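Single-structure report; data block below.
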Amino acid sequence: MIHDELYEIGLEQRRKMFGPAGAEDQVEHTTEITDKLQDFVTRNCFGDLWQRDGLSIADRSKITIAMLLATGRSHETRVHMRGGLANGLSVEEIREIALQSMLYCGIPTGVEGIRALEEILADRDATTDAANPAATTSSNPSLS
């Protein structure tokens with residue numbers, strides 16, 4: 001892979017949205033099969049298109065989540081919901097995107113969106129609880 005300015009900007013955007021697992025871990029573990037994909041995603045998607053004027057990063061996250069829901073891309077929906085939270089979206093905004101999708105894509109799409117949001121929030125809560133077990137027991141009387 002060529003490490004030019006677009007690549008470095010893209011890698012930084014991926015890091016902000018997805019952490020090291022979605023940035024360095026992805027591009028450092030490429031194979032002959034995945035190298036062109038990772039290069040394209042890093043350079044063109046996150047280094048170029050996500051950086052354009054006209055839409056904020058948060059707006060791009062909202063649009064991306066909506067399009068992924070509409071096209072039934074459940075894995076990528078979850079990835080971009082996490083990224084949307086990192087980009088400043090609220091849980092309520094993501095919930096409303098999922099609910100709005102029911103109108104134009106059908107109830108199963110909205111259900112999938114809500115399910116995905118609940119899963120990533122549960123994962124986030126579990127990670128937070130695991131990182132700080134003392135806070136969990138003191139803030140949750142049922143655990144005392």
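How things are named: the first chain in the structure tokens is A, the next is B, and so on; residues count from 1 in each chain; ligands count from 1 in the order shown.
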Stretch 74-105 of chain A near stretch 48-58 of chain A within 8 Å: what's each residue's closest atom pair and its distance in Å to one decimal, counting only C-alpha atoms, ordered by chain then ascending residue number, as a Markdown table?
```
| residue | atom | partner | partner_atom | distance |
| --- | --- | --- | --- | --- |
| A:Gly84 | CA | A:Ala58 | CA | 6.7 |
| A:Asn87 | CA | A:Ala58 | CA | 5.5 |
| A:Gly88 | CA | A:Ala58 | CA | 6.3 |
| A:Leu89 | CA | A:Ala58 | CA | 6.3 |
```
Within 9 Å of stretch 114-119 of chain A, counting only C-alpha atoms, which residues qualify if same-chain residues fewer than 2 places away don't, as an mmCIF file with C-alpha atoms, in the first residue's frame?
```cif
data_model
loop_
_atom_site.group_PDB
_atom_site.id
_atom_site.type_symbol
_atom_site.label_atom_id
_atom_site.label_comp_id
_atom_site.auth_asym_id
_atom_site.auth_seq_id
_atom_site.Cartn_x
_atom_site.Cartn_y
_atom_site.Cartn_z
ATOM 1 C CA SER A 74 -26.383 -5.782 9.221
ATOM 2 C CA HIS A 75 -22.668 -6.200 9.997
ATOM 3 C CA THR A 77 -24.737 -1.211 10.168
ATOM 4 C CA ARG A 78 -23.360 -2.205 13.567
ATOM 5 C CA MET A 81 -23.494 2.733 14.527
ATOM 6 C CA ARG A 82 -20.408 2.403 16.731
ATOM 7 C CA VAL A 91 -28.308 7.095 20.965
ATOM 8 C CA ILE A 94 -29.487 6.521 15.873
ATOM 9 C CA ARG A 95 -32.755 5.159 17.262
ATOM 10 C CA ALA A 98 -33.833 3.086 12.678
ATOM 11 C CA LEU A 99 -37.445 4.061 13.324
ATOM 12 C CA THR A 109 -35.531 -3.007 8.687
ATOM 13 C CA GLY A 110 -36.549 -0.884 11.658
ATOM 14 C CA VAL A 111 -36.534 -3.938 13.910
ATOM 15 C CA GLU A 112 -33.037 -4.828 12.681
ATOM 16 C CA LEU A 121 -25.089 -0.484 23.586
ATOM 17 C CA ALA A 122 -24.994 -3.760 25.529
ATOM 18 C CA ASP A 123 -21.464 -4.404 24.229
ATOM 19 C CA ARG A 124 -20.417 -0.879 25.175
#
```
**Study point:** For A:Asp39: contacts at 10 Å, only C-alpha atoms, fewer than 4 positions along chain excluded, given as a ChimeraX atom specification
**Key:** /A:1-3,7,10-11,27,30,34-35,43-45
Exercise for review: Between atom CA of A:Ile63 and atom CA of A:His80, measure the distance and give it in Å to one decimal.
Suggested key: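 Separating atom CA of A:Ile63 from atom CA of A:His80 is a distance of 10.2 Å.
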